[in-house]
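What follows is a single structure, written as structure tokens, with notes after it.
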Amino acid sequence: MTVLIVGAGPTGLTLACDLARRGVPCRVIDRAAELFPGSRAKGLQPRTLEVFDDLGVIDAVRAAGAPFPGFRLYAGHEVVWERSLYDLLGAPPLEPGPATPYPDPWLIPQWRTDRILAERFAELGGTVEFGTELTGLAQDGAGVTAATSRGPIRADYLVGCDGGRSSVRKLLGVGFEGDTFETERTLIGDVRADGLDGVFCHMFSQAGDVTKRVSLWNLPDSPYHQFVASMAADEVPELTLDGIRGLLRERSGRTDIRLHDLRWISLYRLNVRLVQRYRTDRVLLAGDAAHVHSSASGQGLNTSVQDAYNLGWKLASVVGGAPDTLLATYEAERLPVAAGEFDLPVHRVAGRGAYAGLDTGAGTFALVRPDGHLGALSTSAAAIRGYLAQAGPPAR
Ligand SMILES: Cc1cc2nc3c(=O)[nH]c(=O)nc-3n(C[C@H](O)[C@H](O)[C@H](O)COP(=O)(O)OP(=O)(O)OC[C@H]3O[C@@H](n4cnc5c(N)ncnc54)[C@H](O)[C@@H]3O)c2cc1C
């Protein structure tokens, strides 16, 4: 086996499709019994749509999704405003063109995206091996031996696409620097809702206060709505249908909207973390295994799919005889993208030739490596000073 992919989320499945269509033998294992059932990351950005076009799934993605609906804010029963995504962004819509063939962000629940990618992988001859957990790994000059719940697997390369709590990352001992914001939580679930009028992101509040809202998003081609509400950590209701019914009543003052048939619910903690390195010899990390973000604006899934797309052709080329140094460009190109999503002006200190501490001015502090890439990120200046003390003298 040439490449072992651990994790059948959007990252692992994108990589699997890309390798399979290039004729590179790969196996995909996932410890879950099936694909993830929730709608969690539901917004695809233009570049991700281009990637999906190249992988041959754009028609399926467009058939199962829709442009973002309008946003409608209520104060109780009264509609306060209705605005399009472009009104909210303060930018006009783009016309499709050669540079941006799919300019509109596309709404599609993640469970559909994952399923479409898995179906494409199957068309290309692949199978996801569910119920197979990675439990250990060892590598030598010639390959990687993975220990799994169904026995060992030997591969030339292993790619950890196993999400934010990545076993691969932990087994490698690679650091995941950043912060978990403990004071706030976001509750996300898929539920059916009766009594809503029109296709919108319905934002309910008592008095037009958007900070105390419950949003119900119509999910395209599905009878479900995505329920989203943020709150202080000590205000989280029970993660049950009754819990979210109570929250909707409390925040909207309304009793005419009937929630039922809750099929998935989760509590999301805001984590902002970036891996120390993307590659350890023959083992690479991609997607949430390498970086986790705020759920706002769909950074997680989109950055993850684009990691896999950056890595796919490089891995295929190296397997086919290209110099191994090509793989070094994966981290060089993708780490700054993930770091950029944390608003870090990494380029400002690039090329200084020594470790540097940087106050980003946004309440975070960064350790920048001699090559200009981000080495660590923290809300604590003291933590960054600690890293600097270990890493060598600062450049400034
Ligand atoms: C509750 C929740 C809500 C979210 N909401 C949003 C949102 O609103 N917007 C947004 O942009 N992003 C959101 N995200 C993030 C988005 O879902 C992720 O960025 C995206 O799924 C990353 O894809 P991935 O393939 O890297 O990882 P994942 O989708 O997490 O897939 C990892 C896979 O690896 C498997 N795995 C893990 N460990 C092992 C192991 N040891 N052996 C074998 N398999 C293993 C898992 O079973 C899983 O299938 C949310 C995430 C969560 C958890």
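By convention here, the chains of the structure tokens are called A, B, ... in the order presented, each chain's residues are numbered starting at 1, and ligands are numbered starting at 1 in the order presented.
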*Contacts of A:Arg213 at 7 Å or less, counting only C-alpha atoms, minus same-chain residues fewer than 5 places along, as a PyMOL selection string?*
chain A and resi 203-205+229+251
*Enumerate as a count of residues only the residues within 8 Å of ligand 1, counting only C-alpha atoms and all ligand atoms.*
59
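For the choices A:Trp111, A:Phe181, A:Trp217, A:Tyr309, the atom-to-atom distance to A:Val272 is smallest for A:Phe181 when using only C-alpha atoms.
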*Please return as a ChimeraX atom specification: the residues of stretch 151-354 of chain A that backbone DSSP assigns to strand (DSSP E).*
/A:153-155,157-160,176-194,200-205,214-218,225-232,258-275,279-280,283-285,291-292
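Interatomic distance, atom CA of A:His77 against atom CA of A:Arg192: 19.4 Å.
Here the question is which of A:Ala338, A:Leu158, A:Val80, A:Ala233 gets nearest to A:Leu284 using only C-alpha atoms, and that residue is A:Leu158.
Residue nearest A:Leu171, chosen from A:Tyr86, A:Leu285, A:Ser230, A:Ala332 and counting only C-alpha atoms: A:Leu285.
Interatomic distance, atom CA of A:Trp313 against atom CA of A:Asp18: 7.3 Å.
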*Might you pull out every residue within 10 Å of A:Leu196, with only C-alpha atoms counted and same-chain residues fewer than 3 positions away left off, and present them as a VMD selection string?*
chain A and resid 193 199 to 200 202 216 218 256 to 258
Using N, CA, C and O atoms, can you write the selected residues to a file as a compact mmCIF listing (two decimals), in the first residue's frame?
# COMPACT_ATOMS: atom_id res chain seq x y z
N ALA A 193 -38.16 22.03 12.05
CA ALA A 193 -38.85 23.18 12.67
C ALA A 193 -40.10 23.49 11.88
O ALA A 193 -40.03 23.72 10.67
N VAL A 199 -37.38 30.78 3.14
CA VAL A 199 -36.04 30.17 3.23
C VAL A 199 -35.04 31.27 3.60
O VAL A 199 -34.77 32.18 2.83
N PHE A 200 -34.54 31.17 4.82
CA PHE A 200 -33.65 32.21 5.36
C PHE A 200 -32.68 31.58 6.35
O PHE A 200 -32.86 30.42 6.77
N HIS A 202 -32.92 32.29 9.71
CA HIS A 202 -33.86 32.97 10.61
C HIS A 202 -33.13 33.24 11.92
O HIS A 202 -32.69 32.30 12.58
N LEU A 216 -31.85 29.65 12.96
CA LEU A 216 -32.33 28.41 12.33
C LEU A 216 -32.13 28.57 10.83
O LEU A 216 -32.76 29.41 10.20
N ASN A 218 -32.37 27.18 7.09
CA ASN A 218 -32.92 26.16 6.19
C ASN A 218 -31.74 25.45 5.52
O ASN A 218 -30.87 26.11 4.93
N ASP A 256 -44.71 29.72 18.87
CA ASP A 256 -45.37 29.21 17.66
C ASP A 256 -44.43 28.40 16.76
O ASP A 256 -44.87 27.88 15.74
N ILE A 257 -43.16 28.31 17.12
CA ILE A 257 -42.25 27.52 16.29
C ILE A 257 -42.02 26.18 16.98
O ILE A 257 -41.58 26.14 18.13
N ARG A 258 -42.35 25.10 16.29
CA ARG A 258 -42.27 23.78 16.93
C ARG A 258 -41.02 23.04 16.42
O ARG A 258 -40.89 22.76 15.23
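Interatomic distance, atom CA of A:Gly160 against atom CA of A:Leu107: 26.9 Å.
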